[in-house]
Amino acid sequence: MKKNYLRPLLFFLTFFSILSFGQNQISGIVQTENGLRIPNVLVVNVTTGTKTYTNTIGEFFIAANPGQTIRFLKDNYDRVSLEAFSDKNYVINMIKSAQEIEEVTVSNIKITGKISDASALKVDDSAERLQNEIGTPKPPQKPRERAPEMKKDVLVPMIFGALNVDGLYKVVSGKSRQMKSLYRYEDEVDDIQWIRSKIEDSYFESAEIPNDQINTFLNFTMADADVRRYVKARNAGGLVIAMEKHIPEFLKRIKKD
């Protein structure tokens, strides 16, 4: 019964808020410190959750009221934030961020069923550990639109007199939930493809895992937080060690089936 009243109430709030809290629009360009225009920069109104991207010549247009925070994000660039003012054409300068040079010892090795391959791998997640210690966020792996949430992206902006119409629609229609499910599926597919590119089938065959059960085994091991951590860090050496402890249990399960 409660759900039956939810959608009409939210749509009523939507139209009421649209009438009560009109949004101005600001515009501008995003460029490098050398004056080169930057396309496909994510532009976010942090207050309302509204998102857009710069066009092919670095121009952006986004709804924003004075005092709202606008953030600019692009892979390999430092993020930029500003406080919006009406009727102003902005010039945003983005600076290239420092790039960490990763070790290539693990990434250049493809693991087979030979014991020497696995033993030669060096498990080194020191870069990731340091990153966690200093609290530096990792850059997004894919330029995805974040799936909005009711409390954070709809209700909170309403309290401050703003309305995230797009976020409200996606939450109420169920599109936000669909986006989250799609992203999880895409990540799982990418992770498995990466593992199969780094670990030869002969490795699994030497562990008596049938070829047609390799992907099933990989999905089975993903329940382990250590496995997920090494996959996310793209650390093949640590992944092999984390997966091996799951082989006996998996073999028992498939033999029962």
# chains A, B, ... in the order shown; residues from 1 in each chain; ligands from 1
>>> residues_around(residues="stretch 83-93 of chain A", least_positions_apart="3", cutoff="9 Å", atoms="only C-alpha atoms", output="MDAnalysis selection string")
chainID A and resid 24:35 64:72 80
>>> residues_around(residues="stretch 44-50 of chain A", least_positions_apart="3", cutoff="12 Å", atoms="only C-alpha atoms", output="JSON, numbers by chain")
{"A": [21, 23, 24, 25, 26, 41, 53, 54, 60, 61, 62, 63, 64, 65, 66, 67, 68, 69, 70, 71, 72, 73, 74, 79, 80, 81, 82, 83, 84, 145, 146, 147, 148, 149, 150, 151, 152, 153, 154, 155, 156, 157, 158, 159, 160, 161, 162, 163, 164, 165, 166, 167, 168]}
>>> residues_around(residues="stretch 207-212 of chain A", least_positions_apart="3", cutoff="12 Å", atoms="only C-alpha atoms", output="list in words")
Thr112, Gly113, Lys114, Ile115, Arg196, Glu200, Asp201, Ser202, Tyr203, Phe204, Asn215, Thr216, Phe217, Leu218, Val240, Met243, Glu244, Lys245, His246, Ile247, Pro248, Glu249, Phe250, Leu251, Lys252, Arg253, Ile254 and Lys255 of chain A
>>> atom_distance(atom1="atom CA of A:Ile195", atom2="atom CA of A:Asn235")
9.8 Å
>>> residues_around(residues="A:Asn219", least_positions_apart="3", cutoff="12 Å", atoms="only C-alpha atoms", output="list in words")
Tyr185, Asp187, Glu188, Val189, Asp191, Ile192, Gln193, Ile195, Gln213, Ile214, Asn215, Thr216, Met222, Ala223, Asp224, Val227, Arg228, Val231, Met243, His246 and Phe250 of chain A
>>> write_last_selection(atoms="N, CA, C and O atoms", output="mmCIF file, in the first residue's frame")
data_model
loop_
_atom_site.group_PDB
_atom_site.id
_atom_site.type_symbol
_atom_site.label_atom_id
_atom_site.label_comp_id
_atom_site.auth_asym_id
_atom_site.auth_seq_id
_atom_site.Cartn_x
_atom_site.Cartn_y
_atom_site.Cartn_z
ATOM 1 N N TYR A 185 27.546 -6.273 -13.956
ATOM 2 C CA TYR A 185 27.729 -7.313 -14.975
ATOM 3 C C TYR A 185 28.914 -6.984 -15.879
ATOM 4 O O TYR A 185 29.745 -7.853 -16.172
ATOM 5 N N ASP A 187 31.515 -5.145 -15.214
ATOM 6 C CA ASP A 187 32.759 -5.295 -14.454
ATOM 7 C C ASP A 187 33.151 -6.758 -14.321
ATOM 8 O O ASP A 187 34.332 -7.113 -14.425
ATOM 9 N N GLU A 188 32.162 -7.615 -14.060
ATOM 10 C CA GLU A 188 32.446 -9.042 -13.924
ATOM 11 C C GLU A 188 32.990 -9.620 -15.229
ATOM 12 O O GLU A 188 33.945 -10.405 -15.226
ATOM 13 N N VAL A 189 32.392 -9.221 -16.351
ATOM 14 C CA VAL A 189 32.864 -9.699 -17.656
ATOM 15 C C VAL A 189 34.286 -9.224 -17.921
ATOM 16 O O VAL A 189 35.149 -9.999 -18.352
ATOM 17 N N ASP A 191 36.551 -8.353 -15.718
ATOM 18 C CA ASP A 191 37.479 -8.995 -14.776
ATOM 19 C C ASP A 191 37.835 -10.399 -15.240
ATOM 20 O O ASP A 191 39.000 -10.810 -15.204
ATOM 21 N N ILE A 192 36.831 -11.145 -15.666
ATOM 22 C CA ILE A 192 37.082 -12.513 -16.119
ATOM 23 C C ILE A 192 37.934 -12.518 -17.384
ATOM 24 O O ILE A 192 38.851 -13.336 -17.541
ATOM 25 N N GLN A 193 37.672 -11.590 -18.292
ATOM 26 C CA GLN A 193 38.479 -11.506 -19.504
ATOM 27 C C GLN A 193 39.932 -11.188 -19.165
ATOM 28 O O GLN A 193 40.859 -11.738 -19.786
ATOM 29 N N ILE A 195 41.513 -11.933 -16.323
ATOM 30 C CA ILE A 195 42.108 -13.123 -15.702
ATOM 31 C C ILE A 195 42.477 -14.151 -16.768
ATOM 32 O O ILE A 195 43.584 -14.707 -16.756
ATOM 33 N N GLN A 213 34.450 -25.273 -17.023
ATOM 34 C CA GLN A 213 34.113 -24.818 -15.677
ATOM 35 C C GLN A 213 35.032 -23.688 -15.187
ATOM 36 O O GLN A 213 34.912 -23.233 -14.043
ATOM 37 N N ILE A 214 35.925 -23.218 -16.070
ATOM 38 C CA ILE A 214 36.888 -22.193 -15.647
ATOM 39 C C ILE A 214 36.182 -20.904 -15.241
ATOM 40 O O ILE A 214 36.441 -20.341 -14.168
ATOM 41 N N ASN A 215 35.277 -20.427 -16.095
ATOM 42 C CA ASN A 215 34.568 -19.182 -15.761
ATOM 43 C C ASN A 215 33.713 -19.351 -14.509
ATOM 44 O O ASN A 215 33.583 -18.421 -13.701
ATOM 45 N N THR A 216 33.136 -20.537 -14.357
ATOM 46 C CA THR A 216 32.338 -20.800 -13.151
ATOM 47 C C THR A 216 33.221 -20.745 -11.908
ATOM 48 O O THR A 216 32.830 -20.196 -10.872
ATOM 49 N N MET A 222 35.207 -15.092 -6.741
ATOM 50 C CA MET A 222 34.950 -13.656 -6.576
ATOM 51 C C MET A 222 34.233 -13.327 -5.267
ATOM 52 O O MET A 222 34.157 -12.157 -4.873
ATOM 53 N N ALA A 223 33.709 -14.342 -4.591
ATOM 54 C CA ALA A 223 33.087 -14.099 -3.287
ATOM 55 C C ALA A 223 34.137 -13.766 -2.231
ATOM 56 O O ALA A 223 33.800 -13.248 -1.154
ATOM 57 N N ASP A 224 35.402 -14.059 -2.535
ATOM 58 C CA ASP A 224 36.502 -13.791 -1.606
ATOM 59 C C ASP A 224 36.985 -12.344 -1.793
ATOM 60 O O ASP A 224 37.328 -11.927 -2.894
ATOM 61 N N VAL A 227 40.449 -12.015 -3.367
ATOM 62 C CA VAL A 227 40.448 -12.228 -4.815
ATOM 63 C C VAL A 227 40.003 -10.955 -5.527
ATOM 64 O O VAL A 227 40.643 -10.503 -6.480
ATOM 65 N N ARG A 228 38.917 -10.365 -5.055
ATOM 66 C CA ARG A 228 38.423 -9.136 -5.680
ATOM 67 C C ARG A 228 39.456 -8.012 -5.595
ATOM 68 O O ARG A 228 39.608 -7.224 -6.526
ATOM 69 N N VAL A 231 42.187 -8.662 -8.176
ATOM 70 C CA VAL A 231 41.671 -8.441 -9.526
ATOM 71 C C VAL A 231 41.559 -6.944 -9.789
ATOM 72 O O VAL A 231 41.947 -6.449 -10.850
ATOM 73 N N MET A 243 43.414 -17.398 -5.159
ATOM 74 C CA MET A 243 42.468 -18.337 -5.767
ATOM 75 C C MET A 243 42.739 -19.779 -5.377
ATOM 76 O O MET A 243 41.812 -20.590 -5.277
ATOM 77 N N HIS A 246 40.780 -21.913 -2.925
ATOM 78 C CA HIS A 246 39.387 -22.234 -3.241
ATOM 79 C C HIS A 246 39.248 -23.440 -4.167
ATOM 80 O O HIS A 246 38.131 -23.916 -4.399
ATOM 81 N N PHE A 250 35.914 -26.034 -4.638
ATOM 82 C CA PHE A 250 35.217 -25.992 -5.930
ATOM 83 C C PHE A 250 35.172 -27.377 -6.561
ATOM 84 O O PHE A 250 34.143 -27.772 -7.127
#
